[in-house]
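Presented below is the structure to which this report refers.
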Amino acid sequence: MIYSTATVPVNPKGEPVLTRVQAWEGLVLKARDARLFLPPGLCTRCEVVEESATHFVREATIGGTDLREIITLETGNKVTFFQAAGPREGAIVNELFEDEAGALQLRFYCYLGLRGKAPGGPEEQAEQAQFDSDKGYRAALLSTLKRTRELLARGHS
């Protein structure tokens with residue numbers, strides 16, 4: 001089982017301030033179309049194929065791997081990506097919350113396994129190391145916030 005978590009401030013010193021609503025809009029945009037947020041060429045397909053009052057389903061090709069995710073939105077707070085098809089099983093969560101000082105934070109956490117691989121085996125260990133590295137989800141959170149600021153500056157809403 002892979003468990004990883006990372007938290008970053010939404011509004012570090014020196015960056016244009018994002019409101020909770022703006023940060024939330026960025027998370028929803030990313031859930032609907034990862035191509036807007038990932039490095040060029042990494043996500044070659046991302047489309048919402050089903051939508052209901054409680055969730056939507058997206059199919060994507062990221063890094064050459066086909067994924068199908070059931071995505072739930074807890075408005076203003078949490079986006080959960082349930083891994084319905086692809087190499088991973090489990091859930092990935094992006095959550096907005098205020099820390100003890102009232103500063104807005106963005107937290108990532110996941111509980112995942114790899115389909116068809118031994119629990120705790122070398123593939124899961126490698127995935128765990130990637131999630132926990134400087135190039136893992138902490139970097140993804142920072143790039144999500146950076147891209148949200150860029151899209152807002154261009155008038156995307």
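Each chain in the structure tokens gets a letter, A, B and so on, in the order shown; residues start at 1 in every chain, and ligands are counted from 1 in the order they appear.
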Nearby residues (only C-alpha atoms) at most 10 Å from segment 92-103 of chain A, same-chain spacing under 6 positions excluded, as a ChimeraX atom specification = /A:3-12,20,23-24,27,31,69,71-74,76-83,109-112,141
Now that the selection is made, can you save its residues with N, CA, C and O atoms as a CSV table (one decimal), in the first residue's frame?
```csv
chain,number,residue,atom,x,y,z
A,3,TYR,N,1.0,5.2,0.8
A,3,TYR,CA,0.4,6.3,1.4
A,3,TYR,C,1.4,7.5,1.3
A,3,TYR,O,2.6,7.3,1.6
A,4,SER,N,0.9,8.6,0.8
A,4,SER,CA,1.8,9.8,0.7
A,4,SER,C,1.0,11.0,1.0
A,4,SER,O,-0.2,11.0,0.7
A,5,THR,N,1.6,12.0,1.5
A,5,THR,CA,0.9,13.3,1.8
A,5,THR,C,1.9,14.4,1.6
A,5,THR,O,3.1,14.3,1.9
A,6,ALA,N,1.4,15.6,1.3
A,6,ALA,CA,2.2,16.8,1.2
A,6,ALA,C,1.2,17.9,1.3
A,6,ALA,O,0.1,17.9,0.9
A,7,THR,N,1.7,19.0,2.0
A,7,THR,CA,0.9,20.2,2.2
A,7,THR,C,1.7,21.4,1.8
A,7,THR,O,2.9,21.5,2.2
A,8,VAL,N,1.1,22.4,1.1
A,8,VAL,CA,1.8,23.6,0.8
A,8,VAL,C,0.9,24.8,1.1
A,8,VAL,O,-0.3,24.7,1.0
A,9,PRO,N,1.5,26.0,1.4
A,9,PRO,CA,0.6,27.1,1.6
A,9,PRO,C,0.1,27.6,0.3
A,9,PRO,O,0.8,27.6,-0.7
A,10,VAL,N,-1.2,28.0,0.2
A,10,VAL,CA,-1.8,28.5,-1.0
A,10,VAL,C,-1.2,29.9,-1.4
A,10,VAL,O,-0.9,30.2,-2.5
A,11,ASN,N,-0.9,30.6,-0.3
A,11,ASN,CA,-0.4,32.0,-0.6
A,11,ASN,C,1.0,32.3,0.1
A,11,ASN,O,1.0,33.0,1.1
A,12,PRO,N,2.1,31.7,-0.5
A,12,PRO,CA,3.4,32.0,0.1
A,12,PRO,C,3.7,33.5,-0.1
A,12,PRO,O,3.2,34.1,-1.1
A,20,ARG,N,-9.9,31.5,-1.5
A,20,ARG,CA,-10.3,30.1,-1.4
A,20,ARG,C,-11.1,29.7,-2.7
A,20,ARG,O,-10.9,28.6,-3.3
A,23,ALA,N,-8.7,29.3,-5.6
A,23,ALA,CA,-7.9,28.1,-5.5
A,23,ALA,C,-8.8,26.9,-5.8
A,23,ALA,O,-8.4,25.9,-6.5
A,24,TRP,N,-10.0,26.9,-5.3
A,24,TRP,CA,-11.0,25.8,-5.6
A,24,TRP,C,-11.3,25.7,-7.1
A,24,TRP,O,-11.3,24.6,-7.7
A,27,LEU,N,-8.6,23.9,-8.8
A,27,LEU,CA,-8.6,22.4,-8.5
A,27,LEU,C,-9.7,21.8,-9.4
A,27,LEU,O,-9.5,20.7,-10.0
A,31,ALA,N,-9.1,19.0,-12.4
A,31,ALA,CA,-9.9,17.7,-12.4
A,31,ALA,C,-10.6,17.5,-13.8
A,31,ALA,O,-10.6,16.4,-14.3
A,69,GLU,N,-10.9,7.7,-14.1
A,69,GLU,CA,-11.1,8.2,-12.7
A,69,GLU,C,-12.5,8.6,-12.5
A,69,GLU,O,-13.1,9.3,-13.3
A,71,ILE,N,-14.4,11.1,-10.2
A,71,ILE,CA,-14.0,12.3,-9.4
A,71,ILE,C,-15.2,12.9,-8.7
A,71,ILE,O,-16.2,13.1,-9.3
A,72,THR,N,-15.0,13.0,-7.4
A,72,THR,CA,-16.1,13.7,-6.6
A,72,THR,C,-15.6,15.0,-6.1
A,72,THR,O,-14.4,15.2,-5.8
A,73,LEU,N,-16.5,16.0,-6.0
A,73,LEU,CA,-16.1,17.3,-5.5
A,73,LEU,C,-16.9,17.6,-4.3
A,73,LEU,O,-18.1,17.5,-4.3
A,74,GLU,N,-16.2,18.0,-3.2
A,74,GLU,CA,-16.8,18.5,-2.0
A,74,GLU,C,-16.6,20.0,-2.1
A,74,GLU,O,-15.5,20.5,-1.8
A,76,GLY,N,-15.6,23.6,-2.6
A,76,GLY,CA,-14.8,24.5,-1.8
A,76,GLY,C,-13.7,23.8,-0.9
A,76,GLY,O,-12.9,24.5,-0.3
A,77,ASN,N,-13.8,22.5,-0.8
A,77,ASN,CA,-12.9,21.8,0.1
A,77,ASN,C,-12.0,20.7,-0.5
A,77,ASN,O,-10.8,20.7,-0.3
A,78,LYS,N,-12.7,19.7,-1.2
A,78,LYS,CA,-11.9,18.5,-1.5
A,78,LYS,C,-12.3,18.0,-2.9
A,78,LYS,O,-13.5,17.9,-3.2
A,79,VAL,N,-11.3,17.5,-3.6
A,79,VAL,CA,-11.5,16.8,-4.9
A,79,VAL,C,-10.9,15.4,-4.7
A,79,VAL,O,-9.7,15.3,-4.3
A,80,THR,N,-11.6,14.4,-4.9
A,80,THR,CA,-11.1,13.0,-4.8
A,80,THR,C,-11.2,12.3,-6.1
A,80,THR,O,-12.2,12.3,-6.8
A,81,PHE,N,-10.0,11.7,-6.4
A,81,PHE,CA,-9.9,11.0,-7.7
A,81,PHE,C,-9.8,9.5,-7.4
A,81,PHE,O,-8.8,9.0,-6.9
A,82,PHE,N,-10.9,8.8,-7.6
A,82,PHE,CA,-10.9,7.3,-7.4
A,82,PHE,C,-10.4,6.6,-8.7
A,82,PHE,O,-10.9,6.9,-9.8
A,83,GLN,N,-9.4,5.8,-8.5
A,83,GLN,CA,-8.8,5.2,-9.7
A,83,GLN,C,-9.6,4.0,-10.1
A,83,GLN,O,-9.5,2.9,-9.6
A,109,TYR,N,-3.1,13.9,-0.5
A,109,TYR,CA,-2.8,12.6,0.1
A,109,TYR,C,-3.4,11.5,-0.7
A,109,TYR,O,-4.3,11.8,-1.5
A,110,CYS,N,-2.8,10.4,-0.6
A,110,CYS,CA,-3.3,9.2,-1.4
A,110,CYS,C,-3.1,8.0,-0.6
A,110,CYS,O,-2.3,7.8,0.2
A,111,TYR,N,-4.0,7.0,-0.9
A,111,TYR,CA,-3.9,5.7,-0.5
A,111,TYR,C,-4.1,4.8,-1.8
A,111,TYR,O,-5.1,4.8,-2.4
A,112,LEU,N,-3.0,4.2,-2.2
A,112,LEU,CA,-3.0,3.5,-3.5
A,112,LEU,C,-2.3,2.2,-3.4
A,112,LEU,O,-1.5,1.9,-2.6
A,141,LEU,N,1.6,20.1,-6.4
A,141,LEU,CA,0.7,21.1,-5.7
A,141,LEU,C,1.2,22.5,-6.0
A,141,LEU,O,0.4,23.4,-6.4
```
If we count only C-alpha atoms, what is near segment 117-119 of chain A at a cut-off of 10 Å, once residues fewer than 2 positions away on the same chain are taken out, given as a list in words?
->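 These residues fall inside the cut-off: Met1, Ile2, Pro87, Arg88, Gly113, Leu114, Arg115, Gly121, Pro122, Glu123, Glu124 and Gln125 of chain A.
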Atom CA of Cys43 of chain A to atom CA of Ser143 of chain A: how many Å, to one decimal?
-> 14.7 Å
Taking only C-alpha atoms into account, which of A:Gly64, A:Arg149, A:Gly90, A:Ala140 comes nearest Pro39 of chain A?
-> A:Ala140
Please return, as a PDB file with C-alpha atoms, in the first residue's frame, all residues of segment 76-130 of chain A that DSSP assigns to helix (DSSP H, G or I) on the basis of the backbone.
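Heads up, here's the output in out.pdb:
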```
ATOM      1  CA  PRO A 122       9.534  -3.207  -5.644  1.00  0.00           C
ATOM      2  CA  GLU A 123       7.032  -1.445  -7.944  1.00  0.00           C
ATOM      3  CA  GLU A 124       5.065  -0.027  -4.999  1.00  0.00           C
ATOM      4  CA  GLN A 125       8.284   0.955  -3.246  1.00  0.00           C
ATOM      5  CA  ALA A 126       9.423   2.842  -6.358  1.00  0.00           C
ATOM      6  CA  GLU A 127       6.039   4.576  -6.634  1.00  0.00           C
ATOM      7  CA  GLN A 128       6.182   5.507  -2.929  1.00  0.00           C
ATOM      8  CA  ALA A 129       9.649   7.003  -3.404  1.00  0.00           C
ATOM      9  CA  GLN A 130       8.407   9.037  -6.400  1.00  0.00           C
TER      10      GLN A 130
END
```
For Leu142 of chain A, which of A:Glu15, A:Ala91, A:Arg35, A:Gly155 is the closest residue, counting only C-alpha atoms?
->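 That would be A:Glu15, the residue with the smallest distance to Leu142 of chain A.
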Please provide the set of residues having any atom within 12 Å of Thr65 of chain A, restricted to only C-alpha atoms, with same-chain residues fewer than 6 positions apart removed, written as a VMD selection string.
-> chain A and resid 42 to 46 59 85 to 88
Might you pull out every residue within 9 Å of Thr144 of chain A, with only C-alpha atoms counted and same-chain residues fewer than 6 positions away left off, and present them as a PDB file with all heavy atoms, in the first residue's frame?
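File produced: selection.pdb:
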```
ATOM      1  N   GLY A  26      -9.329  26.470  -9.485  1.00  0.00           N
ATOM      2  CA  GLY A  26      -8.151  25.854 -10.085  1.00  0.00           C
ATOM      3  C   GLY A  26      -8.173  24.340  -9.943  1.00  0.00           C
ATOM      4  O   GLY A  26      -7.872  23.611 -10.896  1.00  0.00           O
ATOM      5  N   LEU A  27      -8.554  23.854  -8.754  1.00  0.00           N
ATOM      6  CA  LEU A  27      -8.622  22.405  -8.537  1.00  0.00           C
ATOM      7  C   LEU A  27      -9.678  21.753  -9.437  1.00  0.00           C
ATOM      8  O   LEU A  27      -9.462  20.671  -9.987  1.00  0.00           O
ATOM      9  CB  LEU A  27      -8.925  22.091  -7.068  1.00  0.00           C
ATOM     10  CG  LEU A  27      -7.839  22.427  -6.056  1.00  0.00           C
ATOM     11  CD1 LEU A  27      -8.308  22.088  -4.648  1.00  0.00           C
ATOM     12  CD2 LEU A  27      -6.539  21.715  -6.381  1.00  0.00           C
ATOM     13  N   LYS A  30      -8.402  21.627 -13.016  1.00  0.00           N
ATOM     14  CA  LYS A  30      -7.413  20.557 -13.138  1.00  0.00           C
ATOM     15  C   LYS A  30      -8.103  19.193 -13.195  1.00  0.00           C
ATOM     16  O   LYS A  30      -7.698  18.318 -13.964  1.00  0.00           O
ATOM     17  CB  LYS A  30      -6.422  20.604 -11.978  1.00  0.00           C
ATOM     18  CG  LYS A  30      -5.310  19.591 -12.102  1.00  0.00           C
ATOM     19  CD  LYS A  30      -4.328  19.716 -10.964  1.00  0.00           C
ATOM     20  CE  LYS A  30      -3.219  18.698 -11.073  1.00  0.00           C
ATOM     21  NZ  LYS A  30      -2.339  18.732  -9.925  1.00  0.00           N
ATOM     22  N   PHE A  37      -2.739  21.816 -16.798  1.00  0.00           N
ATOM     23  CA  PHE A  37      -1.887  21.923 -15.616  1.00  0.00           C
ATOM     24  C   PHE A  37      -0.593  21.126 -15.688  1.00  0.00           C
ATOM     25  O   PHE A  37       0.346  21.410 -14.960  1.00  0.00           O
ATOM     26  CB  PHE A  37      -2.670  21.502 -14.366  1.00  0.00           C
ATOM     27  CG  PHE A  37      -3.724  22.497 -13.987  1.00  0.00           C
ATOM     28  CD1 PHE A  37      -4.961  22.490 -14.607  1.00  0.00           C
ATOM     29  CD2 PHE A  37      -3.465  23.469 -13.038  1.00  0.00           C
ATOM     30  CE1 PHE A  37      -5.926  23.422 -14.284  1.00  0.00           C
ATOM     31  CE2 PHE A  37      -4.427  24.405 -12.697  1.00  0.00           C
ATOM     32  CZ  PHE A  37      -5.652  24.379 -13.325  1.00  0.00           C
ATOM     33  N   LEU A  38      -0.559  20.106 -16.516  1.00  0.00           N
ATOM     34  CA  LEU A  38       0.627  19.254 -16.582  1.00  0.00           C
ATOM     35  C   LEU A  38       1.600  19.766 -17.639  1.00  0.00           C
ATOM     36  O   LEU A  38       1.209  20.496 -18.546  1.00  0.00           O
ATOM     37  CB  LEU A  38       0.202  17.811 -16.894  1.00  0.00           C
ATOM     38  CG  LEU A  38      -0.630  17.150 -15.796  1.00  0.00           C
ATOM     39  CD1 LEU A  38      -1.132  15.787 -16.255  1.00  0.00           C
ATOM     40  CD2 LEU A  38       0.155  17.021 -14.509  1.00  0.00           C
TER      41      LEU A  38
END
```
What are the DSSP strand (DSSP E) residues of chain A, as a count of residues only?
-> 64
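For the atom pair formed by atom CA of Gly14 of chain A and atom CA of Gly41 of chain A, the distance is 29.6 Å, given to one decimal.
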One residue among A:Ala34, A:Ala153, A:Val48, A:Val21 is nearest to Ile62 of chain A when using only C-alpha atoms, and that residue is A:Ala34
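If you measure from each of A:Tyr137, A:Arg107, A:Glu47, A:Thr54 to Leu29 of chain A using only C-alpha atoms, the closest one turns out to be A:Glu47.
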